[in-house]
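Trainee: Quick one, input.txt (compact mmCIF, C-alpha atoms):
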# COMPACT_ATOMS: atom_id res chain seq x y z
CA MET A 289 24.09 -9.25 14.32
CA PRO A 290 20.52 -8.91 15.68
CA LEU A 291 18.68 -10.30 12.67
CA ASN A 292 15.35 -12.15 12.71
CA LYS A 293 15.20 -12.15 16.50
CA VAL A 294 11.63 -10.92 16.74
CA PRO A 295 9.93 -12.95 19.50
CA ARG A 296 6.90 -15.09 18.71
CA LEU A 297 4.09 -16.67 20.67
CA ARG A 298 4.29 -20.42 20.55
CA ASP A 299 1.01 -21.94 19.27
CA PRO A 300 -0.86 -18.61 19.57
CA GLN A 301 -4.18 -20.04 18.41
CA THR A 302 -4.37 -22.28 21.46
CA ARG A 303 -3.18 -19.83 24.10
CA ASP A 304 -5.84 -18.84 26.60
CA CYS A 305 -4.37 -15.34 26.96
CA VAL A 306 -4.85 -14.68 23.23
CA LYS A 307 -8.48 -15.70 23.33
CA GLU A 308 -9.10 -13.72 26.49
CA VAL A 309 -7.69 -10.49 25.05
CA ARG A 310 -9.67 -11.05 21.86
CA GLU A 311 -12.91 -11.51 23.80
CA MET A 312 -12.29 -8.38 25.88
CA PHE A 313 -11.58 -6.37 22.74
CA MET A 314 -14.69 -7.63 20.96
CA GLU A 315 -16.79 -6.56 23.94
CA GLU A 316 -15.32 -3.05 23.69
CA TYR A 317 -16.00 -3.07 19.96
CA LYS A 318 -19.67 -3.99 20.54
CA ARG A 319 -19.94 -1.13 23.04
CA ASP A 320 -18.66 1.46 20.53
CA PRO A 321 -17.99 0.10 17.01
CA GLY A 322 -17.12 3.51 15.55
CA GLN A 323 -13.84 3.86 17.41
CA PHE A 324 -12.09 1.15 15.38
CA TYR A 325 -11.52 0.27 11.74
CA GLU A 326 -13.59 -2.74 10.71
CA GLU A 327 -10.47 -4.15 9.04
CA ASP A 328 -8.62 -4.02 12.37
CA VAL A 329 -11.52 -5.64 14.21
CA LYS A 330 -11.40 -8.50 11.73
CA LEU A 331 -7.65 -8.97 12.30
CA VAL A 332 -8.22 -9.12 16.05
CA ASP A 333 -11.14 -11.52 15.71
CA GLU A 334 -9.00 -13.81 13.55
CA MET A 335 -6.15 -13.54 16.07
CA LYS A 336 -3.72 -12.09 13.56
CA PHE A 337 -0.46 -10.34 14.45
CA LEU A 338 -2.20 -7.05 15.27
CA LEU A 339 -3.41 -8.82 18.41
CA LEU A 340 -0.43 -11.09 19.01
CA ARG A 341 2.12 -8.25 18.95
CA CYS A 342 0.46 -6.70 22.00
CA LEU A 343 0.79 -9.92 24.00
CA ILE A 344 4.41 -10.23 22.92
CA SER A 345 5.14 -6.62 23.85
CA LYS A 346 3.41 -6.91 27.24
CA ARG A 347 4.78 -10.38 27.96
CA LYS A 348 1.36 -12.04 27.90
CA ASN A 349 -0.08 -9.81 30.61
CA VAL A 350 -3.76 -9.89 29.63
CA LYS A 351 -4.81 -6.52 31.04
CA ASP A 352 -1.80 -4.63 29.70
CA SER A 353 -2.12 -6.33 26.32
CA TYR A 354 -5.80 -5.46 26.09
CA ASN A 355 -5.15 -1.80 26.96
CA MET A 356 -2.36 -1.62 24.39
CA LEU A 357 -4.54 -3.18 21.70
CA VAL A 358 -7.47 -0.84 22.35
CA ASN A 359 -5.24 2.26 22.41
CA MET A 360 -3.42 1.15 19.26
CA CYS A 361 -6.61 0.52 17.30
CA LYS A 362 -8.18 3.78 18.49
CA TRP A 363 -5.07 5.67 17.42
CA ARG A 364 -5.13 4.04 13.98
CA LYS A 365 -8.70 5.24 13.44
CA GLU A 366 -8.14 8.71 14.92
CA GLN A 367 -5.08 9.26 12.72
CA ARG A 368 -6.88 7.87 9.65
CA ILE A 369 -3.89 5.59 9.21
CA ARG A 370 -5.60 3.32 6.67
CA GLU A 371 -6.89 6.27 4.67
CA LEU A 372 -3.77 8.42 4.34
CA THR A 373 -2.30 8.82 0.87
CA GLU A 374 0.45 10.87 -0.77
CA GLN A 375 -2.15 13.58 -1.40
CA ASP A 376 -2.36 14.30 2.33
CA PHE A 377 1.18 15.68 2.49
CA PRO A 378 3.15 18.45 0.77
CA VAL A 379 5.04 17.26 -2.28
CA GLU A 380 8.22 18.60 -0.69
CA TYR A 381 8.08 15.87 1.98
CA PHE A 382 8.67 13.33 -0.79
CA SER A 383 10.97 15.28 -3.11
CA ALA A 384 13.32 16.31 -0.28
CA GLY A 385 14.15 12.67 0.46
CA ILE A 386 14.21 13.16 4.23
CA CYS A 387 12.63 9.77 4.90
CA PHE A 388 11.27 7.18 2.53
CA VAL A 389 10.38 3.52 2.08
CA TYR A 390 12.84 1.66 -0.13
CA GLU A 391 14.00 -1.72 -1.41
CA PRO A 392 14.24 -4.77 0.92
CA ASP A 393 17.45 -5.69 2.71
CA LYS A 394 19.41 -8.95 2.39
CA TYR A 395 17.01 -10.71 4.74
CA GLY A 396 13.78 -9.72 3.05
CA ASN A 397 12.97 -6.95 5.52
CA ARG A 398 11.05 -3.93 4.28
CA THR A 399 13.16 -0.82 4.86
CA ILE A 400 12.67 2.80 5.74
CA TYR A 401 15.55 5.29 5.45
CA ILE A 402 15.81 8.49 7.49
CA ARG A 403 18.43 11.09 6.55
CA THR A 404 18.75 13.07 9.75
CA SER A 405 20.96 15.82 8.30
CA ARG A 406 17.90 16.92 6.29
CA LEU A 407 15.62 17.24 9.29
CA LYS A 408 14.55 20.78 10.17
CA CYS A 409 12.97 21.96 13.41
CA ILE A 410 9.97 23.91 12.15
CA PRO A 411 7.11 24.14 14.69
CA GLU A 412 4.46 24.82 12.06
CA LEU A 413 5.27 21.56 10.29
CA LYS A 414 5.82 19.38 13.35
CA GLN A 415 2.40 17.72 13.54
CA SER A 416 2.15 17.05 9.82
CA PHE A 417 5.64 15.57 9.72
CA LYS A 418 4.82 13.29 12.65
CA LEU A 419 1.82 12.05 10.70
CA PHE A 420 4.06 11.59 7.67
CA LEU A 421 6.34 9.33 9.72
CA ALA A 422 3.33 7.34 10.88
CA TYR A 423 2.15 7.06 7.27
CA LEU A 424 5.53 5.67 6.17
CA MET A 425 5.69 3.26 9.10
CA TYR A 426 2.27 1.95 8.14
CA GLN A 427 3.61 1.28 4.63
CA ILE A 428 6.28 -1.12 5.92
CA ASP A 429 4.36 -2.64 8.83
CA ASP A 430 2.74 -6.06 8.57
CA CYS A 431 0.00 -6.25 11.20
CA GLU A 432 -1.44 -9.46 9.74
CA ASN A 433 1.47 -11.89 9.66
CA GLY A 434 4.20 -10.01 11.53
CA GLU A 435 6.85 -9.82 8.80
CA THR A 436 9.76 -7.72 10.03
CA PHE A 437 11.12 -4.38 8.86
CA ALA A 438 14.42 -2.51 9.21
CA ILE A 439 15.00 1.16 10.00
CA ILE A 440 18.13 2.76 8.57
CA PHE A 441 19.27 6.12 9.91
CA ASP A 442 21.90 7.95 7.89
CA LEU A 443 23.44 10.34 10.43
CA THR A 444 26.18 11.64 8.14
CA ASN A 445 26.80 15.37 8.76
CA THR A 446 24.05 15.50 11.41
CA GLY A 447 24.45 18.24 14.01
CA TRP A 448 22.53 19.79 16.89
CA ASN A 449 20.53 21.92 14.47
CA ASN A 450 18.97 18.68 13.15
CA TYR A 451 18.25 17.28 16.60
CA ASP A 452 14.60 17.43 17.66
CA ILE A 453 13.93 15.60 20.92
CA ASP A 454 10.15 15.86 20.50
CA LEU A 455 10.25 14.24 17.07
CA LEU A 456 12.64 11.57 18.32
CA MET A 457 10.35 10.74 21.26
CA TYR A 458 7.40 10.53 18.89
CA PHE A 459 9.26 8.08 16.66
CA LEU A 460 10.08 5.93 19.68
CA THR A 461 6.41 6.02 20.64
CA LEU A 462 5.50 4.80 17.17
CA LEU A 463 7.83 1.83 17.61
CA LYS A 464 6.81 1.04 21.19
CA GLU A 465 3.06 1.66 21.16
CA TYR A 466 1.71 1.59 17.59
CA PHE A 467 4.08 -0.58 15.54
CA PRO A 468 5.71 -2.71 18.24
CA VAL A 469 7.81 -5.86 17.96
CA ASN A 470 8.31 -6.00 14.17
CA ALA A 471 11.56 -3.99 14.02
CA ASP A 472 14.28 -6.49 13.13
CA TYR A 473 17.10 -3.99 13.54
CA VAL A 474 17.85 -0.26 13.49
CA LEU A 475 21.04 0.89 11.79
CA ALA A 476 22.71 4.11 12.94
CA ILE A 477 25.19 4.98 10.20
CA ASN A 478 28.07 7.40 10.89
CA PHE A 479 26.78 8.32 14.35
CA PRO A 480 28.32 11.69 15.37
CA TRP A 481 29.89 11.90 18.80
CA ILE A 482 28.13 15.21 19.53
CA LEU A 483 24.86 13.26 19.77
CA SER A 484 26.17 10.85 22.41
CA THR A 485 24.09 12.55 25.09
CA ALA A 486 20.96 12.12 22.99
CA TRP A 487 21.70 8.41 22.58
CA SER A 488 22.11 7.98 26.34
CA VAL A 489 18.58 9.36 26.79
CA VAL A 490 17.11 7.14 24.08
CA LYS A 491 18.92 4.05 25.35
CA ARG A 492 17.19 4.28 28.72
CA LEU A 493 13.81 4.17 26.97
CA ILE A 494 14.56 0.90 25.16
CA PRO A 495 13.96 -2.34 27.10
CA PRO A 496 17.33 -3.94 27.94
CA GLU A 497 16.47 -7.10 26.02
CA ARG A 498 15.89 -5.08 22.83
CA ARG A 499 18.86 -2.69 22.93
CA ASP A 500 20.91 -4.90 20.65
CA VAL A 501 18.41 -4.07 17.91
CA VAL A 502 20.25 -0.75 17.47
CA VAL A 503 23.50 -1.27 15.55
CA PHE A 504 26.13 1.46 15.07
CA ILE A 505 28.07 1.14 11.82
CA GLN A 506 30.11 3.16 9.34
CA SER A 507 28.68 3.74 5.88
CA LYS A 508 30.99 1.18 4.27
CA GLU A 509 29.40 -1.53 6.44
CA VAL A 510 25.86 -0.98 5.17
CA PHE A 511 26.36 -3.62 2.47
CA ASN A 512 26.51 -6.24 5.22
CA TYR A 513 22.80 -5.57 5.59
CA VAL A 514 21.62 -4.30 2.20
CA ASP A 515 22.80 -5.48 -1.21
CA LYS A 516 24.49 -2.69 -3.16
CA GLN A 517 21.91 -2.88 -5.95
CA ASN A 518 19.14 -2.27 -3.39
CA CYS A 519 20.88 0.59 -1.58
CA PRO A 520 20.35 4.31 -2.37
CA ASP A 521 23.08 6.32 -4.02
CA PHE A 522 23.87 8.59 -1.04
CA LEU A 523 25.19 5.44 0.70
CA GLU A 524 27.18 4.47 -2.41
CA GLY A 525 24.47 2.06 -3.55
CA THR A 526 23.58 1.50 -7.20
CA CYS A 527 19.79 1.23 -6.96
CA LYS A 528 18.04 3.24 -9.68
CA ARG A 529 14.78 3.66 -7.79
CA GLU A 530 14.13 7.32 -7.02
CA HIS A 531 14.11 8.22 -3.35
CA GLN A 532 13.47 11.90 -4.05
CA PHE A 533 10.40 11.90 -6.22
CA MET A 534 7.31 13.89 -7.10
CA PRO A 535 4.18 12.18 -5.77
CA LYS A 536 0.76 12.25 -7.40
CA SER A 537 -0.24 15.33 -5.46
CA ASN A 538 -0.73 19.03 -6.15
CA LEU A 539 -0.37 20.06 -2.52
CA THR A 540 2.64 22.34 -2.13
CA LEU A 541 4.28 23.39 1.10
CA VAL A 542 2.82 26.91 0.89
CA ASP A 543 -0.65 25.52 0.14
CA TYR A 544 -0.33 23.28 3.16
CA LEU A 545 0.76 26.10 5.45
CA LEU A 546 -2.15 28.25 4.26
CA SER A 547 -4.68 25.48 4.88
CA GLN A 548 -3.45 24.09 8.20
CA ASN A 549 -2.76 27.10 10.38
CA ASP A 550 -5.39 29.18 12.17
CA PRO A 551 -4.80 32.05 12.19
CA VAL A 552 -3.11 31.92 8.79
CA LEU A 553 0.63 32.46 8.87
CA SER A 554 1.99 35.71 7.55
CA ALA A 555 3.72 35.71 4.18
CA LYS A 556 6.90 36.73 5.98
CA ARG A 557 6.83 33.67 8.25
CA MET A 558 6.07 31.35 5.34
CA ALA A 559 8.99 32.87 3.44
CA GLU A 560 11.24 32.13 6.43
CA ILE A 561 10.09 28.51 6.45
CA VAL A 562 10.67 28.09 2.72
CA LYS A 563 14.11 29.67 3.03
CA SER A 564 15.07 27.31 5.86
CA LEU A 565 14.22 24.37 3.59
CA SER A 566 15.87 25.77 0.46
CA ASP A 567 18.90 23.47 0.75
CA ILE A 568 16.77 20.31 0.52
CA ILE A 569 13.86 21.42 -1.66
CA GLN A 570 14.30 20.79 -5.37
CA LYS A 571 14.76 23.92 -7.47
CA GLU A 572 11.45 23.49 -9.29
CA GLN A 573 9.49 23.28 -6.02
CA LEU A 574 11.44 26.19 -4.59
CA ALA A 575 10.51 28.38 -7.58
CA ILE A 576 6.84 27.39 -7.22
CA ALA A 577 6.89 28.17 -3.50
CA GLN A 578 8.45 31.59 -4.08
CA LYS A 579 5.84 32.39 -6.75
CA LYS A 580 3.02 31.46 -4.37
CA LEU A 581 4.58 33.63 -1.67
CA GLU A 582 4.64 36.56 -4.08
CA GLU A 583 0.93 36.01 -4.71
CA CYS A 584 0.31 36.08 -0.96
CA ASP A 585 2.15 39.39 -0.71
CA ARG A 586 -0.10 40.93 -3.36
CA ARG A 587 -3.29 40.00 -1.52
For the file at hand, write its structure as structure tokens.
Mentor:
Amino acid sequence: MPLNKVPRLRDPQTRDCVKEVREMFMEEYKRDPGQFYEEDVKLVDEMKFLLLRCLISKRKNVKDSYNMLVNMCKWRKEQRIRELTEQDFPVEYFSAGICFVYEPDKYGNRTIYIRTSRLKCIPELKQSFKLFLAYLMYQIDDCENGETFAIIFDLTNTGWNNYDIDLLMYFLTLLKEYFPVNADYVLAINFPWILSTAWSVVKRLIPPERRDVVVFIQSKEVFNYVDKQNCPDFLEGTCKREHQFMPKSNLTLVDYLLSQNDPVLSAKRMAEIVKSLSDIIQKEQLAIAQKKLEECDRR
């Protein structure tokens, strides 16, 4: 069981490579301070895990670690990762329960659940959903002290219509480039054989020494990792915490589509998108979306 096997730097405060990467980064910061969050600069200057994870990932290669750190911190600022809130995403992303942060596992890991059977391949929502994944990953990531997290995929009833190679590659990029090292394990529950080809592609992208992080189990085995009282109901858990909830946001899916696309999508296309999500959107949100679509038709 690949638990708590995240590598560490021995005596990081005294390692010359840590100090060298820090000094290189601080020089880049002085050259152009606006490209980084001040909070991230402070973590680097204090040699916190935001810096150390890059050296771990790049096996203490100073140049590669520096490039990774700069690219990571630039990305965090460009994506507004520290500023994102629930209000930046359609309420349906939360109420549909596609992916969400939940209770800790048996080992104290923060957890994120992804229900792949609820994923839909909708081009107009692709970029916003990628950002939503990044937002959730940021919620469970610990870039200061390096506490680990667990990723739990529920693949029950997942088919090819749920498979999106672009989204999958993006998620791998998040783990490799922007939130590296901290993943304690990844559970793949009820993996369907029809996705075996997809796994063979993904497997080649994972470093050999980290492939045991991915664990294939049946749903009944999830309680080996998560206590029943901390597990969501769709995996036969008894936790009362809502995983399909209404956030403190007034942004609906239709509002989002109207505001994010240039030129604006036709009412017909928006209706097609809403219809494709009708099996995972709560009835109240579906009624609101249909009312807004009717208003668009009257304009």
Trainee: Please report the interatomic distance between atom CA of Val502 of chain A and atom CA of Val474 of chain A in Å with one decimal.
Mentor: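 Going from atom CA of Val502 of chain A over to atom CA of Val474 of chain A covers 4.7 Å.
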Trainee: For Val490 of chain A, please output as a ChimeraX atom specification all residues within 9 Å (counting all atoms listed in the file; exclusion window: fewer than 5 positions along the same chain).
Mentor: /A:456-457,460,485
Trainee: Determine, counting only C-alpha atoms, which protein, DNA and RNA residues have an atom within 8 Å of an atom of segment 438-444 of chain A; residues of the same chain fewer than 4 positions away are not included. Present the result as a count of residues only.
Mentor: 20
Trainee: To one decimal place, how far is atom CA of Asn349 of chain A from atom CA of Val306 of chain A in Å?
Mentor: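 Computed distance, atom CA of Asn349 of chain A to atom CA of Val306 of chain A, equals 10.0 Å.
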Trainee: Excluding same-chain residues fewer than 6 positions from Gln323 of chain A, what lies within 10 Å of it counting only C-alpha atoms, as a short mmCIF file (atom, residue, chain, number, x, y, z; two decimals) with C-alpha atoms, in the frame of the given file?
Mentor:
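So out-v9.cif came out as:
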data_model
loop_
_atom_site.label_atom_id
_atom_site.label_comp_id
_atom_site.auth_asym_id
_atom_site.auth_seq_id
_atom_site.Cartn_x
_atom_site.Cartn_y
_atom_site.Cartn_z
CA GLU A 316 -15.32 -3.05 23.69
CA TYR A 317 -16.00 -3.07 19.96
CA VAL A 358 -7.47 -0.84 22.35
CA CYS A 361 -6.61 0.52 17.30
CA LYS A 362 -8.18 3.78 18.49
CA TRP A 363 -5.07 5.67 17.42
CA ARG A 364 -5.13 4.04 13.98
CA LYS A 365 -8.70 5.24 13.44
CA GLU A 366 -8.14 8.71 14.92
#
Trainee: State, in Å with one decimal place, the distance from atom CA of Val542 of chain A to atom CA of Thr373 of chain A.
Mentor: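 Separation of atom CA of Val542 of chain A and atom CA of Thr373 of chain A: 18.8 Å.
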Trainee: For Val510 of chain A, which of A:Lys318, A:Lys394, A:Lys307, A:Lys346 is the closest residue, counting only C-alpha atoms?
Mentor: A:Lys394
Trainee: A:Val514, A:Gln506, A:Ile410, A:Gln367: which is nearest Val562 of chain A, counting all atoms listed in the file?
Mentor: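 Ranked by minimum distance to Val562 of chain A, first place goes to A:Ile410.
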Trainee: Pick out the residues sitting within 9 Å of Asp333 of chain A, and hand them over as a ChimeraX atom specification; count all atoms listed in the file, and ignore anything fewer than 2 positions along from it in its own chain.
Mentor: /A:310-311,313-314,328-331,335-336,339
Trainee: How about saving the chosen residues, C-alpha atoms kept, as a PDB file, in the coordinates of the input?
Mentor:
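Result written to again34.pdb:
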ATOM      1  CA  ARG A 310      -9.670 -11.050  21.860  1.00  0.00           C
ATOM      2  CA  GLU A 311     -12.910 -11.510  23.800  1.00  0.00           C
ATOM      3  CA  PHE A 313     -11.580  -6.370  22.740  1.00  0.00           C
ATOM      4  CA  MET A 314     -14.690  -7.630  20.960  1.00  0.00           C
ATOM      5  CA  ASP A 328      -8.620  -4.020  12.370  1.00  0.00           C
ATOM      6  CA  VAL A 329     -11.520  -5.640  14.210  1.00  0.00           C
ATOM      7  CA  LYS A 330     -11.400  -8.500  11.730  1.00  0.00           C
ATOM      8  CA  LEU A 331      -7.650  -8.970  12.300  1.00  0.00           C
ATOM      9  CA  MET A 335      -6.150 -13.540  16.070  1.00  0.00           C
ATOM     10  CA  LYS A 336      -3.720 -12.090  13.560  1.00  0.00           C
ATOM     11  CA  LEU A 339      -3.410  -8.820  18.410  1.00  0.00           C
TER      12      LEU A 339
END
Trainee: Taking into account only C-alpha atoms, which residue in the set A:Leu338, A:Tyr390, A:Pro468, A:Met356 is nearest to Arg529 of chain A?
Mentor: A:Tyr390
Trainee: So, counting only C-alpha atoms, which residue among A:Met425, A:Ser564, A:Lys508, A:Glu432 is closest to Asn450 of chain A?
Mentor: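 That would be A:Ser564, the residue with the smallest distance to Asn450 of chain A.
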Trainee: As a PDB file, in the coordinates of the input, please: segment 551-562 of chain A completed to all heavy atoms.
Mentor:
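Written out: selection_17.pdb:
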ATOM      1  N   PRO A 551      -4.640  31.200  13.381  1.00  0.00           N
ATOM      2  CA  PRO A 551      -4.800  32.050  12.190  1.00  0.00           C
ATOM      3  C   PRO A 551      -3.742  31.737  11.119  1.00  0.00           C
ATOM      4  O   PRO A 551      -2.726  31.127  11.409  1.00  0.00           O
ATOM      5  CB  PRO A 551      -4.606  33.457  12.740  1.00  0.00           C
ATOM      6  CG  PRO A 551      -3.705  33.261  13.922  1.00  0.00           C
ATOM      7  CD  PRO A 551      -4.124  31.958  14.540  1.00  0.00           C
ATOM      8  N   VAL A 552      -4.018  32.173   9.902  1.00  0.00           N
ATOM      9  CA  VAL A 552      -3.110  31.920   8.790  1.00  0.00           C
ATOM     10  C   VAL A 552      -1.768  32.599   9.043  1.00  0.00           C
ATOM     11  O   VAL A 552      -1.709  33.722   9.546  1.00  0.00           O
ATOM     12  CB  VAL A 552      -3.732  32.443   7.471  1.00  0.00           C
ATOM     13  CG1 VAL A 552      -2.733  32.331   6.324  1.00  0.00           C
ATOM     14  CG2 VAL A 552      -4.992  31.652   7.148  1.00  0.00           C
ATOM     15  N   LEU A 553      -0.698  31.894   8.698  1.00  0.00           N
ATOM     16  CA  LEU A 553       0.630  32.460   8.870  1.00  0.00           C
ATOM     17  C   LEU A 553       0.839  33.662   7.954  1.00  0.00           C
ATOM     18  O   LEU A 553       0.278  33.732   6.863  1.00  0.00           O
ATOM     19  CB  LEU A 553       1.694  31.409   8.549  1.00  0.00           C
ATOM     20  CG  LEU A 553       1.826  30.217   9.498  1.00  0.00           C
ATOM     21  CD1 LEU A 553       2.871  29.268   8.955  1.00  0.00           C
ATOM     22  CD2 LEU A 553       2.200  30.666  10.891  1.00  0.00           C
ATOM     23  N   SER A 554       1.661  34.564   8.394  1.00  0.00           N
ATOM     24  CA  SER A 554       1.990  35.710   7.550  1.00  0.00           C
ATOM     25  C   SER A 554       2.872  35.253   6.393  1.00  0.00           C
ATOM     26  O   SER A 554       3.567  34.231   6.469  1.00  0.00           O
ATOM     27  CB  SER A 554       2.744  36.760   8.367  1.00  0.00           C
ATOM     28  OG  SER A 554       4.020  36.279   8.751  1.00  0.00           O
ATOM     29  N   ALA A 555       2.860  36.018   5.326  1.00  0.00           N
ATOM     30  CA  ALA A 555       3.720  35.710   4.180  1.00  0.00           C
ATOM     31  C   ALA A 555       5.185  35.739   4.583  1.00  0.00           C
ATOM     32  O   ALA A 555       6.001  34.957   4.079  1.00  0.00           O
ATOM     33  CB  ALA A 555       3.449  36.713   3.056  1.00  0.00           C
ATOM     34  N   LYS A 556       5.506  36.634   5.514  1.00  0.00           N
ATOM     35  CA  LYS A 556       6.900  36.730   5.980  1.00  0.00           C
ATOM     36  C   LYS A 556       7.332  35.431   6.654  1.00  0.00           C
ATOM     37  O   LYS A 556       8.430  34.928   6.389  1.00  0.00           O
ATOM     38  CB  LYS A 556       7.041  37.899   6.954  1.00  0.00           C
ATOM     39  CG  LYS A 556       8.453  38.048   7.511  1.00  0.00           C
ATOM     40  CD  LYS A 556       8.533  39.208   8.497  1.00  0.00           C
ATOM     41  CE  LYS A 556       9.936  39.329   9.084  1.00  0.00           C
ATOM     42  NZ  LYS A 556      10.030  40.429  10.078  1.00  0.00           N
ATOM     43  N   ARG A 557       6.477  34.891   7.544  1.00  0.00           N
ATOM     44  CA  ARG A 557       6.830  33.670   8.250  1.00  0.00           C
ATOM     45  C   ARG A 557       6.919  32.493   7.273  1.00  0.00           C
ATOM     46  O   ARG A 557       7.826  31.660   7.367  1.00  0.00           O
ATOM     47  CB  ARG A 557       5.810  33.367   9.348  1.00  0.00           C
ATOM     48  CG  ARG A 557       6.043  32.038  10.091  1.00  0.00           C
ATOM     49  CD  ARG A 557       7.453  31.928  10.641  1.00  0.00           C
ATOM     50  NE  ARG A 557       7.720  30.615  11.215  1.00  0.00           N
ATOM     51  CZ  ARG A 557       8.924  30.082  11.349  1.00  0.00           C
ATOM     52  NH1 ARG A 557      10.014  30.762  10.962  1.00  0.00           N
ATOM     53  NH2 ARG A 557       9.077  28.893  11.870  1.00  0.00           N
ATOM     54  N   MET A 558       6.008  32.426   6.321  1.00  0.00           N
ATOM     55  CA  MET A 558       6.070  31.350   5.340  1.00  0.00           C
ATOM     56  C   MET A 558       7.345  31.447   4.506  1.00  0.00           C
ATOM     57  O   MET A 558       7.954  30.433   4.165  1.00  0.00           O
ATOM     58  CB  MET A 558       4.832  31.384   4.442  1.00  0.00           C
ATOM     59  CG  MET A 558       3.571  30.891   5.150  1.00  0.00           C
ATOM     60  SD  MET A 558       2.171  30.656   4.032  1.00  0.00           S
ATOM     61  CE  MET A 558       1.746  32.351   3.671  1.00  0.00           C
ATOM     62  N   ALA A 559       7.753  32.674   4.203  1.00  0.00           N
ATOM     63  CA  ALA A 559       8.990  32.870   3.440  1.00  0.00           C
ATOM     64  C   ALA A 559      10.190  32.374   4.250  1.00  0.00           C
ATOM     65  O   ALA A 559      11.129  31.791   3.701  1.00  0.00           O
ATOM     66  CB  ALA A 559       9.158  34.337   3.078  1.00  0.00           C
ATOM     67  N   GLU A 560      10.159  32.604   5.561  1.00  0.00           N
ATOM     68  CA  GLU A 560      11.240  32.130   6.430  1.00  0.00           C
ATOM     69  C   GLU A 560      11.303  30.608   6.439  1.00  0.00           C
ATOM     70  O   GLU A 560      12.390  30.013   6.419  1.00  0.00           O
ATOM     71  CB  GLU A 560      11.020  32.654   7.853  1.00  0.00           C
ATOM     72  CG  GLU A 560      11.201  34.151   7.997  1.00  0.00           C
ATOM     73  CD  GLU A 560      10.790  34.663   9.374  1.00  0.00           C
ATOM     74  OE1 GLU A 560      10.150  33.892  10.138  1.00  0.00           O
ATOM     75  OE2 GLU A 560      11.099  35.836   9.686  1.00  0.00           O
ATOM     76  N   ILE A 561      10.133  29.971   6.457  1.00  0.00           N
ATOM     77  CA  ILE A 561      10.090  28.510   6.450  1.00  0.00           C
ATOM     78  C   ILE A 561      10.633  27.960   5.144  1.00  0.00           C
ATOM     79  O   ILE A 561      11.457  27.036   5.129  1.00  0.00           O
ATOM     80  CB  ILE A 561       8.648  28.016   6.690  1.00  0.00           C
ATOM     81  CG1 ILE A 561       8.199  28.361   8.113  1.00  0.00           C
ATOM     82  CG2 ILE A 561       8.534  26.510   6.448  1.00  0.00           C
ATOM     83  CD1 ILE A 561       6.734  28.089   8.393  1.00  0.00           C
ATOM     84  N   VAL A 562      10.193  28.538   4.040  1.00  0.00           N
ATOM     85  CA  VAL A 562      10.670  28.090   2.720  1.00  0.00           C
ATOM     86  C   VAL A 562      12.184  28.275   2.616  1.00  0.00           C
ATOM     87  O   VAL A 562      12.894  27.395   2.126  1.00  0.00           O
ATOM     88  CB  VAL A 562       9.940  28.837   1.600  1.00  0.00           C
ATOM     89  CG1 VAL A 562      10.602  28.561   0.246  1.00  0.00           C
ATOM     90  CG2 VAL A 562       8.462  28.450   1.571  1.00  0.00           C
TER      91      VAL A 562
END
